[in-house]
Structures are given as structure tokens and as C-alpha cells.
Amino acid sequence: MKQETEHLRPYLADLHVHTVLSPCAEVEMIPPLIVRRARQLALGIIAITDHNSAENVGAVMEAAEGLDLRVLPGMEVQTREEVHLLCLFDGLEEVLDWQAVVYAHLPPEKNRADVFGPQFVVDATGEFIRYNDRLLVTSTSLSVEDVAREVEERGGLCLGAHVDRPSFSLLANLGFVPEGVPFAAMEITPYANADDLVRQHSSLAGYALVCSGDAHHPSEMSNKTILTLKEPTTAEILLAFRHQGGRRVKVVDDPHQT
Amino acid sequence: MTIGEIANKLSLSVQTASDRLQTEVTGGYASDMLSRVMAKAKEGNVWVTLQFHMNIVAVAALLQLAAIIVTEGMSPDAATLDKANKEGVLILTTPQTTFTIVGQLTELGIEGTE
């Protein structure tokens, strides 16, 4: 066991980062600027999680190639209960397979860029490729249970997003975390008081917490979550969420003070 | 007024716990945010919502609500209906919208819980 833990290292992580594909994101959320900010924050892992789409994930992965920064392919899915769930995978192909399922459960409406904002698909340098004209900021017809189970079956991780937020969250919309659903962990915002939250919501008991920026601008990216892993994969992160094999997860106020 | 009389007058379909139709209704509350319902709705209230996730049963049982009216033709799944029957939670459904149902409840003299 000791020998095993010698190969573990800490990674600062932000598992919830938007790009210019999210209509509510600022134009600065292009791959090179996301990667630059991640490096400024000494992040070792970021997850790209746009609303109901993963079309910019590959570009950010490419922008981080050769750097000591793991970009996890992900998505922030909005369920039919208007709950936001983070879905994280290891490979681009897996997230794009999942995207096909999500797209099949979106309504046929088009995005209104003048109302919601434009949805840019870009390359690794941030150059414009095309607009995504689906209405992405809306609910899919998938339930919370559908999403969590599908993602788990596909080998991914499903987390309740920003559970301390008064909207689009498990606690706000459904009152409490439903039992028997395979969530890997729960995400809180940098503004949450984790101790108070867990005291007030007994349904959070037993879940690992991560803190993410939910960044719509580079300045909102966060480095408050430390994952101690052998390598930056979803399987290792799940071990950390379960505090197994020496892997662990910790939310801190200032990563440089620990 | 009992919830059974209301169900009759508004042509609501009884999905679960039909033995609870005699419950006297103390008022009404409408929201799709279960956290708000938990904070606001009172015992004996009728709750109008289009949420049909299983958590609605636990919320209604916890607060001892008279019934949940699920609107817009949303249909809770079998597991939710089973749980509601076990917990004695009356679920009524309607194709009409929350707005329409709340208007009709108001006409019947059911007052909103503030």
C-alpha cells in the first residue's frame, strides 16, 4: 500500500469550465485563454462543461497538448427538472457519443443569439469555425436519474452542479438529493460554506464535495479543489471521491496555504 | 372543502391514495421549486406543480399536504406512484396549466398560503 501511495500526486482541479459555446460565456472563454488562466492558477485538471454540448472540448484539449494540464471532456446537462448535472468522461469520443444522446433529447428550437447570446464553435487557437444554432440553454427531456445512470454506464462521472445555488440545482429544484442515484460527488460554488451546507442538508451526507468556478470568464476559474491521484483519469477521480487507495479530494480556501 | 370535491369540480384524475379524498383543504401553494415548497407550504395545502420527480412524494408526505396537483399532462412514473400509495400521498393530474388550475382553485375559495 505504501509503495502504491508513493505514486500519488496532488492536482489542483476546476471541473466546471464553460467556453464561448455557452451563450452566457464571455468571448474570452476561448481555448488559449482558458489554458493560460489554468496555468496561472497552477491547475492540473480542468473539465470543459458547456451547456448540453461538447463541441468545443476537442479544441481545448488540443490547446493544452504538451502541457502539464489534463483537459477532461465534459458537459453540463440540464435535466427535465431544470437541474444542472456535470458529466465527465476520459475521451473525446465518449463525450461526443453522449452528446448525441443529449441532442436527441433537446427540443427542436433554434438559439436566439440576440436573446441568449451567440454559441461559437472555435478551433484550438480560438478562431471562429461556425455557430451552433441549437437552443442549448434549455432542459433536455432526460430526468436526473436518466442522466446519472447513463453517464455511469458509459464509464463517466455525474456530479450535481453548484448544489448551493438557488436555481438549477438538486437542492433548490428537488429539495434534496434523491436517494439511490449514482452521483459521483456534489459540486459547490466558491461562495458556499461547505460545513453549513452539509449541516442544513442531510441528503449531502456521504458525498464528496468539489468546488468549481463555473467560469463564464477566465477570472472566475477556481483552484480550490485538490485531487490526490495516481493519474488524472475519471477512474482515479472516482477513487478520490470515495477516499480509496490513498486517493483523496479536498476543498481549500487557498491552495498555496496547505 | 375536501380535496375530493375539488378533484370533482376541476375534473382532476386521481392517480394515487384515493382513500385520502376526504381531507379538508387548508389553502393552496404553487411552485416547481421543491426547496420553496418545503419552506412555504403548510399542512393540508393543495400543491400545484408540473414537477413529477419522485421527490414530490417525500415533500408532500413531510408537510402532510392534502394533495399534489400535477399539471400540463405530466405523468409521474410507476415507481413514483407506488411510493405515493405507500406514503398515502394523493396525486391528482390534469392536462391544464398551473395558471389555469390556480385560477379555478381561487374561484372555489381556496386561498393561497403566504
# chains A, B, ... in the order shown; residues from 1 in each chain; ligands from 1
>>> interface_residues(of="chain A", to="chain B", cutoff="10 Å", atoms="only C-alpha atoms", output="PDB file with C-alpha atoms, in the first residue's frame")
ATOM      1  CA  ARG A  80     -36.174  17.958 -17.351  1.00  0.00           C
ATOM      2  CA  GLU A  81     -36.388  19.034 -13.681  1.00  0.00           C
ATOM      3  CA  GLU A  82     -34.179  22.026 -14.654  1.00  0.00           C
ATOM      4  CA  SER A 143     -34.543  13.006 -15.903  1.00  0.00           C
ATOM      5  CA  VAL A 144     -31.886  13.379 -13.216  1.00  0.00           C
ATOM      6  CA  GLU A 145     -31.920   9.581 -12.885  1.00  0.00           C
ATOM      7  CA  PRO A 166     -30.851  28.852  -5.560  1.00  0.00           C
ATOM      8  CA  SER A 167     -31.720  27.691  -9.070  1.00  0.00           C
ATOM      9  CA  PHE A 168     -30.797  24.893 -11.489  1.00  0.00           C
ATOM     10  CA  SER A 169     -29.556  22.730  -8.626  1.00  0.00           C
ATOM     11  CA  LEU A 170     -30.561  19.452  -6.995  1.00  0.00           C
ATOM     12  CA  LEU A 171     -31.197  21.082  -3.626  1.00  0.00           C
ATOM     13  CA  ALA A 172     -33.168  24.046  -4.977  1.00  0.00           C
ATOM     14  CA  ASN A 173     -35.255  22.269  -7.581  1.00  0.00           C
ATOM     15  CA  LEU A 174     -35.761  18.889  -5.943  1.00  0.00           C
ATOM     16  CA  GLY A 175     -35.443  19.931  -2.291  1.00  0.00           C
ATOM     17  CA  PHE A 176     -32.890  17.247  -1.505  1.00  0.00           C
ATOM     18  CA  VAL A 177     -30.552  14.844  -3.310  1.00  0.00           C
ATOM     19  CA  PRO A 178     -32.728  11.907  -4.414  1.00  0.00           C
ATOM     20  CA  GLU A 179     -31.679   8.561  -2.968  1.00  0.00           C
TER      21      GLU A 179
END
>>> residues_around(residues="A:Val210", least_positions_apart="3", cutoff="7 Å", atoms="only C-alpha atoms", output="PyMOL selection string")
chain A and resi 186-188+225+251
>>> write_last_selection(atoms="C-alpha atoms", output="tab-separated table (two decimals), in the first residue's frame")
chain	number	residue	atom	x	y	z
A	186	MET	CA	-21.52	17.12	-5.42
A	187	GLU	CA	-20.17	20.44	-6.63
A	188	ILE	CA	-20.32	23.66	-4.63
A	225	THR	CA	-10.15	21.66	-5.20
A	251	VAL	CA	-11.64	21.74	-0.90
>>> atom_distance(atom1="atom CA of B:Asp82", atom2="atom CA of B:Leu21")
17.4 Å
>>> residues_around(residues="stretch 7-14 of chain B", least_positions_apart="3", cutoff="6 Å", atoms="only C-alpha atoms", output="MDAnalysis selection string")
chainID B and resid 4 92:94
>>> write_last_selection(atoms="N, CA and C atoms", output="CSV table (one decimal), in the first residue's frame")
chain,number,residue,atom,x,y,z
B,4,GLY,N,-61.5,15.9,-2.4
B,4,GLY,CA,-62.3,15.1,-3.3
B,4,GLY,C,-63.3,16.0,-4.1
B,92,LEU,N,-53.0,14.1,-8.0
B,92,LEU,CA,-54.1,14.3,-9.0
B,92,LEU,C,-53.4,14.9,-10.2
B,93,THR,N,-53.9,14.5,-11.4
B,93,THR,CA,-53.3,15.1,-12.6
B,93,THR,C,-54.3,15.8,-13.5
B,94,THR,N,-53.8,16.7,-14.3
B,94,THR,CA,-54.7,17.4,-15.2
B,94,THR,C,-53.9,17.8,-16.4
>>> atom_distance(atom1="atom CA of B:Gly28", atom2="atom CA of A:Ser139")
27.2 Å
